[in-house]
file work.cif (mmCIF, C-alpha atoms)
data_run
#
loop_
_atom_site.label_atom_id
_atom_site.label_comp_id
_atom_site.auth_asym_id
_atom_site.auth_seq_id
_atom_site.Cartn_x
_atom_site.Cartn_y
_atom_site.Cartn_z
CA MET A 1 114.13 76.00 66.32
CA ASN A 2 117.61 77.32 67.10
CA LYS A 3 118.92 76.44 70.53
CA THR A 4 121.12 78.68 72.59
CA ASN A 5 124.56 77.12 72.82
CA ILE A 6 126.88 78.39 75.53
CA ALA A 7 129.86 77.47 73.32
CA THR A 8 129.17 80.52 71.16
CA MET A 9 130.09 82.69 74.17
CA PHE A 10 133.55 81.10 74.19
CA GLY A 11 134.50 81.60 70.57
CA ALA A 12 133.08 78.46 68.92
CA THR A 13 133.38 78.55 65.14
CA ASP A 14 132.43 76.19 62.33
CA VAL A 15 135.02 73.44 61.88
CA SER A 16 134.94 70.29 59.79
CA THR A 17 137.54 68.18 61.60
CA PHE A 18 137.34 66.55 65.01
CA LEU A 19 137.88 69.33 67.57
CA GLY A 20 139.23 71.48 64.74
CA LEU A 21 142.40 69.40 64.52
CA PRO A 22 144.64 69.87 61.50
CA SER A 23 143.42 67.94 58.49
CA CYS A 24 145.67 65.44 56.75
CA PRO A 25 145.12 64.45 53.11
CA SER A 26 146.30 60.85 53.31
CA PRO A 27 147.19 58.17 55.87
CA ASP A 28 150.70 57.92 54.46
CA GLN A 29 151.27 61.61 55.20
CA VAL A 30 150.37 61.53 58.91
CA ASN A 31 152.85 63.42 61.07
CA ALA A 32 151.28 63.32 64.51
CA LYS A 33 150.96 61.12 67.57
CA ALA A 34 147.40 60.12 66.68
CA ALA A 35 145.20 60.20 63.59
CA ILE A 36 141.40 60.40 63.52
CA LEU A 37 139.93 58.27 60.72
CA GLY A 38 136.21 58.28 59.95
CA VAL A 39 134.93 54.92 58.72
CA PRO A 40 131.22 55.17 57.95
CA CYS A 41 130.73 51.58 56.86
CA ALA A 42 132.37 48.19 56.46
CA THR A 43 129.37 45.90 55.99
CA PRO A 44 126.26 47.40 54.33
CA TYR A 45 123.69 44.75 55.19
CA ALA A 46 120.93 44.12 52.68
CA SER A 47 118.32 44.41 55.45
CA VAL A 48 119.43 47.72 56.99
CA GLY A 49 122.09 49.16 54.68
CA PRO A 50 124.99 51.24 56.10
CA TYR A 51 123.11 51.76 59.35
CA CYS A 52 125.65 53.97 61.17
CA ALA A 53 127.21 55.74 58.19
CA ASN A 54 126.43 59.23 59.53
CA GLY A 55 128.08 58.45 62.88
CA PRO A 56 131.51 60.03 62.23
CA ASP A 57 130.00 63.32 61.05
CA ALA A 58 127.69 63.48 64.08
CA ILE A 59 130.60 62.87 66.47
CA ARG A 60 132.65 65.60 64.80
CA ALA A 61 129.66 67.96 65.03
CA ALA A 62 129.33 67.26 68.77
CA ALA A 63 133.03 68.05 69.25
CA ALA A 64 132.98 71.20 67.11
CA PRO A 65 131.74 73.64 69.81
CA TYR A 66 134.90 72.90 71.83
CA ALA A 67 137.39 73.40 68.98
CA ALA A 68 138.21 76.95 70.06
CA ASN A 69 138.88 75.83 73.62
CA LEU A 70 141.61 73.21 73.27
CA GLU A 71 143.99 75.33 75.34
CA HIS A 72 141.46 75.56 78.19
CA MET A 73 141.54 73.31 81.25
CA ASP A 74 140.09 69.86 80.76
CA PHE A 75 139.26 68.74 84.27
CA ASP A 76 139.25 65.07 83.29
CA PHE A 77 143.03 65.60 82.90
CA SER A 78 143.59 68.59 85.19
CA ALA A 79 145.35 70.08 82.16
CA PRO A 80 144.55 70.91 78.53
CA LEU A 81 143.34 67.88 76.59
CA LEU A 82 146.34 67.73 74.22
CA PRO A 83 149.66 68.28 76.01
CA GLY A 84 151.41 69.43 72.84
CA GLY A 85 148.51 71.36 71.41
CA PRO A 86 146.51 70.65 68.23
CA GLN A 87 149.60 69.40 66.37
CA ASP A 88 149.53 66.27 68.56
CA ALA A 89 146.82 64.82 66.31
CA CYS A 90 145.23 65.14 62.89
CA ASP A 91 141.99 64.22 61.13
CA LEU A 92 142.00 62.25 57.88
CA GLY A 93 138.31 62.72 57.16
CA ASP A 94 136.13 59.77 56.15
CA LEU A 95 136.94 56.78 54.00
CA ASP A 96 134.72 56.25 50.97
CA PHE A 97 132.60 53.11 51.01
CA SER A 98 130.50 51.10 48.60
CA GLU A 99 128.05 48.21 48.60
CA ASP A 100 131.02 45.82 48.33
CA SER A 101 131.97 44.75 51.84
CA ALA A 102 135.24 43.15 50.77
CA SER A 103 136.50 46.37 49.17
CA ASN A 104 135.41 48.37 52.22
CA ARG A 105 137.38 46.05 54.50
CA ALA A 106 140.44 46.25 52.26
CA ALA A 107 140.33 50.06 52.34
CA ILE A 108 140.03 50.13 56.14
CA LYS A 109 142.93 47.71 56.58
CA ALA A 110 145.13 49.69 54.19
CA ALA A 111 144.38 53.04 55.82
CA VAL A 112 145.00 51.79 59.36
CA SER A 113 148.18 50.05 58.27
CA ALA A 114 149.48 53.27 56.70
CA ILE A 115 148.77 55.24 59.89
CA VAL A 116 150.65 52.69 61.98
CA GLU A 117 153.57 52.74 59.53
CA ARG A 118 153.82 56.48 60.19
CA GLY A 119 154.22 55.80 63.91
CA ALA A 120 150.80 57.19 64.85
CA VAL A 121 147.93 55.64 66.77
CA PRO A 122 144.79 55.15 64.64
CA MET A 123 141.60 56.51 66.23
CA VAL A 124 138.72 55.11 64.18
CA LEU A 125 135.27 56.72 64.25
CA GLY A 126 132.53 54.37 63.11
CA GLY A 127 130.37 53.36 61.62
CA ASP A 128 129.00 49.85 61.88
CA ASP A 129 130.03 47.15 64.33
CA SER A 130 132.10 45.10 61.87
CA ILE A 131 134.74 47.82 61.39
CA PRO A 132 137.09 46.42 64.09
CA ILE A 133 137.83 43.28 62.03
CA PRO A 134 139.85 44.95 59.23
CA MET A 135 141.31 47.42 61.73
CA LEU A 136 142.68 44.49 63.73
CA GLN A 137 143.94 42.78 60.57
CA ALA A 138 146.12 45.83 59.90
CA PHE A 139 148.30 44.90 62.90
CA GLU A 140 149.22 41.46 61.58
CA GLY A 141 152.96 40.77 61.70
CA ARG A 142 153.78 43.78 63.91
CA ASP A 143 153.62 42.59 67.52
CA LYS A 144 151.36 40.79 69.97
CA TYR A 145 148.23 42.61 71.14
CA THR A 146 145.61 42.55 73.87
CA ILE A 147 142.09 43.58 72.91
CA VAL A 148 139.96 45.34 75.50
CA GLN A 149 136.42 45.38 74.18
CA ILE A 150 133.67 47.49 75.74
CA ASP A 151 130.34 46.12 74.54
CA ALA A 152 126.94 44.93 75.68
CA HIS A 153 127.39 41.90 73.42
CA ILE A 154 130.25 39.42 73.09
CA ASP A 155 130.38 39.15 69.27
CA TRP A 156 131.39 35.48 69.09
CA ARG A 157 128.96 34.28 66.41
CA ASP A 158 130.69 32.44 63.57
CA GLU A 159 128.20 33.85 61.08
CA VAL A 160 124.87 35.64 60.91
CA ASP A 161 122.71 35.12 57.81
CA GLY A 162 125.75 33.81 55.97
CA GLU A 163 127.98 36.80 56.85
CA ARG A 164 131.15 35.76 58.72
CA TRP A 165 132.74 39.23 58.84
CA GLY A 166 129.81 41.13 60.28
CA LEU A 167 128.54 42.83 63.40
CA SER A 168 128.22 39.78 65.67
CA SER A 169 131.51 38.09 64.77
CA THR A 170 134.22 40.65 65.55
CA MET A 171 135.76 38.94 68.57
CA ARG A 172 135.58 35.45 67.06
CA ARG A 173 137.41 36.72 63.98
CA ALA A 174 139.91 38.47 66.26
CA SER A 175 140.54 35.21 68.12
CA GLU A 176 141.64 33.64 64.82
CA MET A 177 144.40 36.23 64.29
CA ASP A 178 147.86 35.08 65.37
CA HIS A 179 148.86 38.52 66.65
CA ILE A 180 145.95 38.68 69.12
CA GLU A 181 147.20 37.03 72.30
CA ARG A 182 144.55 38.15 74.77
CA ILE A 183 140.95 39.34 74.74
CA ILE A 184 139.29 41.08 77.68
CA GLN A 185 135.60 41.81 77.24
CA VAL A 186 133.86 44.34 79.47
CA GLY A 187 130.19 45.23 79.87
CA ALA A 188 128.20 42.25 78.54
CA ARG A 189 124.61 42.24 79.74
CA ASN A 190 121.03 41.29 78.87
CA ILE A 191 120.20 39.14 75.81
CA GLY A 192 122.22 39.45 72.62
CA SER A 193 123.01 37.34 69.58
CA ALA A 194 125.33 34.94 71.45
CA ARG A 195 124.27 31.33 71.90
CA PRO A 196 125.54 29.33 74.90
CA GLN A 197 128.06 27.56 72.63
CA ASP A 198 129.46 30.91 71.47
CA TYR A 199 130.11 31.86 75.08
CA ALA A 200 131.64 28.43 75.78
CA ASP A 201 133.91 28.83 72.75
CA ALA A 202 135.08 32.22 74.01
CA LEU A 203 135.86 30.83 77.45
CA ALA A 204 137.71 27.88 75.90
CA TRP A 205 139.84 30.28 73.83
CA GLY A 206 140.76 32.16 77.02
CA VAL A 207 138.63 35.30 76.99
CA LYS A 208 138.36 37.07 80.34
CA PHE A 209 134.83 38.40 80.77
CA PHE A 210 133.82 41.19 83.11
CA THR A 211 130.09 41.59 82.73
CA ALA A 212 128.26 44.81 83.50
CA ARG A 213 127.05 43.13 86.68
CA ASP A 214 130.65 42.27 87.62
CA ILE A 215 131.60 45.92 87.16
CA ALA A 216 128.63 47.14 89.19
CA SER A 217 129.62 44.94 92.12
CA GLY A 218 133.42 44.90 91.87
CA GLY A 219 134.48 48.04 90.01
CA MET A 220 137.13 48.47 87.33
CA THR A 221 140.17 47.45 89.38
CA GLN A 222 139.54 43.81 88.50
CA VAL A 223 139.73 44.67 84.78
CA ALA A 224 142.91 46.66 85.25
CA ASP A 225 144.46 43.71 87.08
CA ALA A 226 143.86 41.52 84.02
CA ILE A 227 145.91 43.81 81.72
CA PRO A 228 149.61 42.87 81.72
CA ASN A 229 152.10 45.63 82.40
CA GLY A 230 153.72 46.88 79.22
CA SER A 231 151.29 45.21 76.86
CA ASN A 232 150.01 46.64 73.58
CA VAL A 233 146.28 47.26 73.88
CA ILE A 234 143.74 47.80 71.12
CA ILE A 235 140.51 49.27 72.48
CA CYS A 236 137.34 48.20 70.68
CA PHE A 237 134.56 50.45 71.96
CA ASP A 238 130.98 49.64 71.04
CA CYS A 239 128.69 52.47 72.11
CA ASP A 240 126.03 50.09 73.41
CA GLY A 241 128.46 49.13 76.16
CA LEU A 242 127.44 52.38 77.84
CA ASP A 243 124.32 53.08 79.85
CA PRO A 244 121.60 54.24 77.41
CA ALA A 245 120.91 57.11 79.83
CA ILE A 246 124.11 58.69 78.47
CA MET A 247 124.28 56.83 75.14
CA PRO A 248 120.81 56.47 73.62
CA GLY A 249 122.07 56.54 70.02
CA VAL A 250 122.65 52.84 69.41
CA ILE A 251 120.85 50.13 67.49
CA GLY A 252 120.67 47.78 70.50
CA ARG A 253 119.93 49.62 73.75
CA ALA A 254 120.25 47.58 76.92
CA PRO A 255 119.68 48.82 80.49
CA GLY A 256 122.53 48.71 82.96
CA GLY A 257 125.53 49.72 80.90
CA LEU A 258 128.74 51.40 82.00
CA GLY A 259 128.62 54.95 83.29
CA TYR A 260 130.83 57.83 82.18
CA TRP A 261 133.23 57.72 85.13
CA GLN A 262 133.48 53.94 85.13
CA THR A 263 134.55 54.09 81.50
CA ILE A 264 137.00 56.94 82.04
CA GLU A 265 138.48 54.96 84.92
CA LEU A 266 138.97 51.97 82.62
CA LEU A 267 140.60 54.05 79.88
CA ASN A 268 142.99 55.59 82.41
CA ALA A 269 143.78 52.18 83.88
CA ILE A 270 144.69 50.86 80.43
CA SER A 271 146.92 53.85 79.76
CA ALA A 272 148.66 53.49 83.13
CA LYS A 273 149.64 49.85 82.53
CA ALA A 274 149.92 49.49 78.76
CA ARG A 275 150.40 51.25 75.46
CA ILE A 276 147.22 52.08 73.55
CA SER A 277 148.02 50.93 70.02
CA ALA A 278 144.65 51.67 68.41
CA PHE A 279 141.12 52.68 69.28
CA ASP A 280 137.82 52.30 67.51
CA LEU A 281 134.37 53.53 68.46
CA VAL A 282 131.46 51.92 66.62
CA GLU A 283 127.67 51.67 66.57
CA PHE A 284 126.92 55.30 67.18
CA MET A 285 123.60 55.72 65.39
CA PRO A 286 122.52 59.39 65.21
CA ASP A 287 119.02 58.45 64.06
CA CYS A 288 118.43 56.88 67.50
CA ASP A 289 120.05 59.67 69.50
CA VAL A 290 118.18 61.92 71.93
CA ASP A 291 118.94 65.67 71.73
CA GLY A 292 122.56 64.97 70.75
CA LEU A 293 123.31 63.36 74.11
CA GLY A 294 124.87 60.22 72.65
CA ALA A 295 126.96 62.24 70.21
CA LEU A 296 128.29 64.33 73.09
CA THR A 297 129.18 61.21 75.07
CA ALA A 298 130.82 59.59 72.03
CA TYR A 299 132.90 62.71 71.41
CA ARG A 300 134.10 62.70 75.02
CA MET A 301 135.08 59.02 74.87
CA VAL A 302 137.14 59.68 71.76
CA ALA A 303 138.63 62.85 73.27
CA ALA A 304 139.47 61.13 76.56
CA THR A 305 141.30 58.35 74.74
CA LEU A 306 143.01 60.85 72.43
CA GLY A 307 144.32 62.78 75.43
CA LEU A 308 145.74 59.57 76.92
CA VAL A 309 147.32 58.51 73.62
CA CYS A 310 149.02 61.88 73.24
CA ARG A 311 150.53 61.47 76.71
CA GLN A 312 152.10 58.09 75.94
#

call {"tool": "encode", "arguments": {"input": "work.cif", "output": "structure tokens"}}
result
Amino acid sequence: MNKTNIATMFGATDVSTFLGLPSCPSPDQVNAKAAILGVPCATPYASVGPYCANGPDAIRAAAAPYAANLEHMDFDFSAPLLPGGPQDACDLGDLDFSEDSASNRAAIKAAVSAIVERGAVPMVLGGDDSIPIPMLQAFEGRDKYTIVQIDAHIDWRDEVDGERWGLSSTMRRASEMDHIERIIQVGARNIGSARPQDYADALAWGVKFFTARDIASGGMTQVADAIPNGSNVIICFDCDGLDPAIMPGVIGRAPGGLGYWQTIELLNAISAKARISAFDLVEFMPDCDVDGLGALTAYRMVAATLGLVCRQ
């Protein structure tokens, strides 16, 4: 059944890129402030396969109705989303992937590295939860970085079923990278894969945790206070960090996640104090979505961050 979409009244047309942004054929040809890169899969698990591979396409489809309206007011910014217009950013399409996790990781690292070499901020649309590992590796030897992770789970397992580079190990692998000097984790709640020793290891390394309960009682100011002025921040955004009422399309729903405005407040606080060096959004699973609600929320999180990046 076709649904009436108010966007058609405002000139919406079919587009294939995120928000109808200009397409770019290769990471080494980026000429923009930010570059959208779809990464459907890093680790295709034998048990579930590439479980979020259709995530980037679904996010682009949710953004498509607004492509004709980029010059309109965006009231989250009190201005148009992109201050310099569509040329502020570009879309590189999706990386190819295979059943070979190592080659997938190498391709992700190479693409992100090429974007950074061009002076642009990589905006990665996932895709499975292990994608941040090679994205973070691409920054080796460049500077020192703070990770702000939004996630229901802390991802400090050393391995799961023999896989050390997978969905539950992203922050432990990050902690082993010399260029990562600080990790701030926001939104942990309920039961996940972490054992008590994993949490103890994270605390011993120096992670600053702000659980979902901490945020509910104390707000986002406490997180902002933990971000040093002038730092380089990489945002690792797992969709299950959000309340499933606005983000049902995840593999691991957990009640009590962050709300839309809490998250927007955090993104703005990061931008006010630091430089956003990269952004990834992972674990959007269209097969678990409800009426496109999660895709809409995911698109807005990417767009909100994109607007901040283009104002840096």

call {"tool": "closest_residue", "arguments": {"input": "work.cif", "among": "A:Asn31, A:Leu95, A:Ile133, A:Gly126", "to": "Ala58 in chain A", "atoms": "all atoms listed in the file"}}
result
A:Gly126

call {"tool": "closest_residue", "arguments": {"input": "work.cif", "among": "A:Gly119, A:Pro56, A:Gly206, A:Gly162", "to": "Ala278 in chain A", "atoms": "all atoms listed in the file"}}
result
A:Gly119

call {"tool": "resolve_selection", "arguments": {"input": "work.cif", "expression": "the PyMOL selection byres ((chain A and resi 279-288) around 6)", "output": "MDAnalysis selection string"}}
result
chainID A and resid 52 55 123:129 234:239 249:250 278 289

call {"tool": "atom_distance", "arguments": {"input": "work.cif", "atom1": "CA of Val112 in chain A", "atom2": "CA of Gln87 in chain A"}}
result
19.5 Å

call {"tool": "resolve_selection", "arguments": {"input": "work.cif", "expression": "the PyMOL selection byres ((chain A and resi 170) around 10)", "output": "list in words"}}
result
Asp129, Ser130, Ile131, Pro132, Ile133, Pro134, Leu136, Ile154, Asp155, Trp156, Arg157, Asp158, Arg164, Trp165, Gly166, Leu167, Ser168, Ser169, Met171, Arg172, Arg173, Ala174, Ser175 and Cys236 of chain A

call {"tool": "atom_distance", "arguments": {"input": "work.cif", "atom1": "CA of Asn229 in chain A", "atom2": "CA of Lys273 in chain A"}}
result
4.9 Å

call {"tool": "closest_residue", "arguments": {"input": "work.cif", "among": "A:Thr263, A:Ser217, A:Thr43, A:Ser16", "to": "Ile150 in chain A", "atoms": "all atoms listed in the file"}}
result
A:Thr263

call {"tool": "resolve_selection", "arguments": {"input": "work.cif", "expression": "the PyMOL selection byres ((chain A and resi 303) around 10)", "output": "mmCIF file with C-alpha atoms, in the frame of the given file"}}
result
data_model
loop_
_atom_site.group_PDB
_atom_site.id
_atom_site.type_symbol
_atom_site.label_atom_id
_atom_site.label_comp_id
_atom_site.auth_asym_id
_atom_site.auth_seq_id
_atom_site.Cartn_x
_atom_site.Cartn_y
_atom_site.Cartn_z
ATOM 1 C CA PHE A 18 137.340 66.550 65.010
ATOM 2 C CA LEU A 19 137.880 69.330 67.570
ATOM 3 C CA ALA A 63 133.030 68.050 69.250
ATOM 4 C CA LEU A 81 143.340 67.880 76.590
ATOM 5 C CA LEU A 82 146.340 67.730 74.220
ATOM 6 C CA MET A 123 141.600 56.510 66.230
ATOM 7 C CA THR A 297 129.180 61.210 75.070
ATOM 8 C CA ALA A 298 130.820 59.590 72.030
ATOM 9 C CA TYR A 299 132.900 62.710 71.410
ATOM 10 C CA ARG A 300 134.100 62.700 75.020
ATOM 11 C CA MET A 301 135.080 59.020 74.870
ATOM 12 C CA VAL A 302 137.140 59.680 71.760
ATOM 13 C CA ALA A 304 139.470 61.130 76.560
ATOM 14 C CA THR A 305 141.300 58.350 74.740
ATOM 15 C CA LEU A 306 143.010 60.850 72.430
ATOM 16 C CA GLY A 307 144.320 62.780 75.430
ATOM 17 C CA LEU A 308 145.740 59.570 76.920
ATOM 18 C CA VAL A 309 147.320 58.510 73.620
#

call {"tool": "residues_around", "arguments": {"input": "work.cif", "residues": "Ala254 in chain A", "least_positions_apart": "6", "cutoff": "12 Å", "atoms": "all atoms listed in the file", "output": "PDB file with C-alpha atoms, keeping the file's coordinate frame"}}
result
ATOM      1  CA  ASP A 151     130.340  46.120  74.540  1.00  0.00           C
ATOM      2  CA  ALA A 152     126.940  44.930  75.680  1.00  0.00           C
ATOM      3  CA  HIS A 153     127.390  41.900  73.420  1.00  0.00           C
ATOM      4  CA  GLY A 187     130.190  45.230  79.870  1.00  0.00           C
ATOM      5  CA  ALA A 188     128.200  42.250  78.540  1.00  0.00           C
ATOM      6  CA  ARG A 189     124.610  42.240  79.740  1.00  0.00           C
ATOM      7  CA  ASN A 190     121.030  41.290  78.870  1.00  0.00           C
ATOM      8  CA  ILE A 191     120.200  39.140  75.810  1.00  0.00           C
ATOM      9  CA  GLY A 192     122.220  39.450  72.620  1.00  0.00           C
ATOM     10  CA  ALA A 212     128.260  44.810  83.500  1.00  0.00           C
ATOM     11  CA  CYS A 239     128.690  52.470  72.110  1.00  0.00           C
ATOM     12  CA  ASP A 240     126.030  50.090  73.410  1.00  0.00           C
ATOM     13  CA  GLY A 241     128.460  49.130  76.160  1.00  0.00           C
ATOM     14  CA  LEU A 242     127.440  52.380  77.840  1.00  0.00           C
ATOM     15  CA  ASP A 243     124.320  53.080  79.850  1.00  0.00           C
ATOM     16  CA  PRO A 244     121.600  54.240  77.410  1.00  0.00           C
ATOM     17  CA  ALA A 245     120.910  57.110  79.830  1.00  0.00           C
ATOM     18  CA  ILE A 246     124.110  58.690  78.470  1.00  0.00           C
ATOM     19  CA  MET A 247     124.280  56.830  75.140  1.00  0.00           C
ATOM     20  CA  PRO A 248     120.810  56.470  73.620  1.00  0.00           C
TER      21      PRO A 248
END

call {"tool": "axis_aligned_box", "arguments": {"input": "work.cif", "around": "range 165-173 of chain A", "padding_each_side": "3 Å", "output": "lines of an AutoDock Vina configuration file"}}
result
center_x = 132.8
center_y = 39.1
center_z = 63.7
size_x = 15.2
size_y = 13.4
size_z = 15.7

call {"tool": "closest_residue", "arguments": {"input": "work.cif", "among": "A:Leu203, A:Leu37, A:Ala224, A:Val233", "to": "Ala269 in chain A", "atoms": "all atoms listed in the file"}}
result
A:Ala224

call {"tool": "build_atoms", "arguments": {"input": "work.cif", "residues": "range 34-52 of chain A", "atoms": "N, CA and C atoms", "output": "mmCIF file, keeping the file's coordinate frame"}}
result
data_model
loop_
_atom_site.group_PDB
_atom_site.id
_atom_site.type_symbol
_atom_site.label_atom_id
_atom_site.label_comp_id
_atom_site.auth_asym_id
_atom_site.auth_seq_id
_atom_site.Cartn_x
_atom_site.Cartn_y
_atom_site.Cartn_z
ATOM 1 N N ALA A 34 148.639 60.854 66.894
ATOM 2 C CA ALA A 34 147.400 60.120 66.680
ATOM 3 C C ALA A 34 146.689 60.662 65.452
ATOM 4 N N ALA A 35 145.926 59.804 64.792
ATOM 5 C CA ALA A 35 145.200 60.200 63.590
ATOM 6 C C ALA A 35 143.755 59.740 63.685
ATOM 7 N N ILE A 36 142.836 60.694 63.573
ATOM 8 C CA ILE A 36 141.400 60.400 63.520
ATOM 9 C C ILE A 36 141.062 59.930 62.106
ATOM 10 N N LEU A 37 140.355 58.806 62.009
ATOM 11 C CA LEU A 37 139.930 58.270 60.720
ATOM 12 C C LEU A 37 138.453 57.923 60.791
ATOM 13 N N GLY A 38 137.624 58.612 60.013
ATOM 14 C CA GLY A 38 136.210 58.280 59.950
ATOM 15 C C GLY A 38 135.976 57.105 59.024
ATOM 16 N N VAL A 39 135.251 56.105 59.523
ATOM 17 C CA VAL A 39 134.930 54.920 58.720
ATOM 18 C C VAL A 39 133.411 54.718 58.813
ATOM 19 N N PRO A 40 132.672 55.256 57.860
ATOM 20 C CA PRO A 40 131.220 55.170 57.950
ATOM 21 C C PRO A 40 130.651 53.765 57.846
ATOM 22 N N CYS A 41 131.338 52.886 57.095
ATOM 23 C CA CYS A 41 130.730 51.580 56.860
ATOM 24 C C CYS A 41 131.760 50.554 56.429
ATOM 25 N N ALA A 42 131.621 49.339 56.964
ATOM 26 C CA ALA A 42 132.370 48.190 56.460
ATOM 27 C C ALA A 42 131.424 47.199 55.802
ATOM 28 N N THR A 43 130.307 46.915 56.479
ATOM 29 C CA THR A 43 129.370 45.900 55.990
ATOM 30 C C THR A 43 127.984 46.509 55.799
ATOM 31 N N PRO A 44 127.615 46.873 54.575
ATOM 32 C CA PRO A 44 126.260 47.400 54.330
ATOM 33 C C PRO A 44 125.260 46.258 54.149
ATOM 34 N N TYR A 45 124.620 45.878 55.227
ATOM 35 C CA TYR A 45 123.690 44.750 55.190
ATOM 36 C C TYR A 45 122.512 45.020 54.267
ATOM 37 N N ALA A 46 122.069 43.974 53.581
ATOM 38 C CA ALA A 46 120.930 44.120 52.680
ATOM 39 C C ALA A 46 119.679 44.557 53.433
ATOM 40 N N SER A 47 119.537 44.123 54.687
ATOM 41 C CA SER A 47 118.320 44.410 55.450
ATOM 42 C C SER A 47 118.265 45.838 55.981
ATOM 43 N N VAL A 48 119.429 46.394 56.358
ATOM 44 C CA VAL A 48 119.430 47.720 56.990
ATOM 45 C C VAL A 48 120.376 48.713 56.316
ATOM 46 N N GLY A 49 121.172 48.265 55.359
ATOM 47 C CA GLY A 49 122.090 49.160 54.680
ATOM 48 C C GLY A 49 123.228 49.606 55.603
ATOM 49 N N PRO A 50 123.890 50.716 55.266
ATOM 50 C CA PRO A 50 124.990 51.240 56.100
ATOM 51 C C PRO A 50 124.417 51.996 57.296
ATOM 52 N N TYR A 51 124.012 51.245 58.324
ATOM 53 C CA TYR A 51 123.110 51.760 59.350
ATOM 54 C C TYR A 51 123.717 52.808 60.278
ATOM 55 N N CYS A 52 125.028 52.952 60.316
ATOM 56 C CA CYS A 52 125.650 53.970 61.170
ATOM 57 C C CYS A 52 126.553 54.899 60.362
#
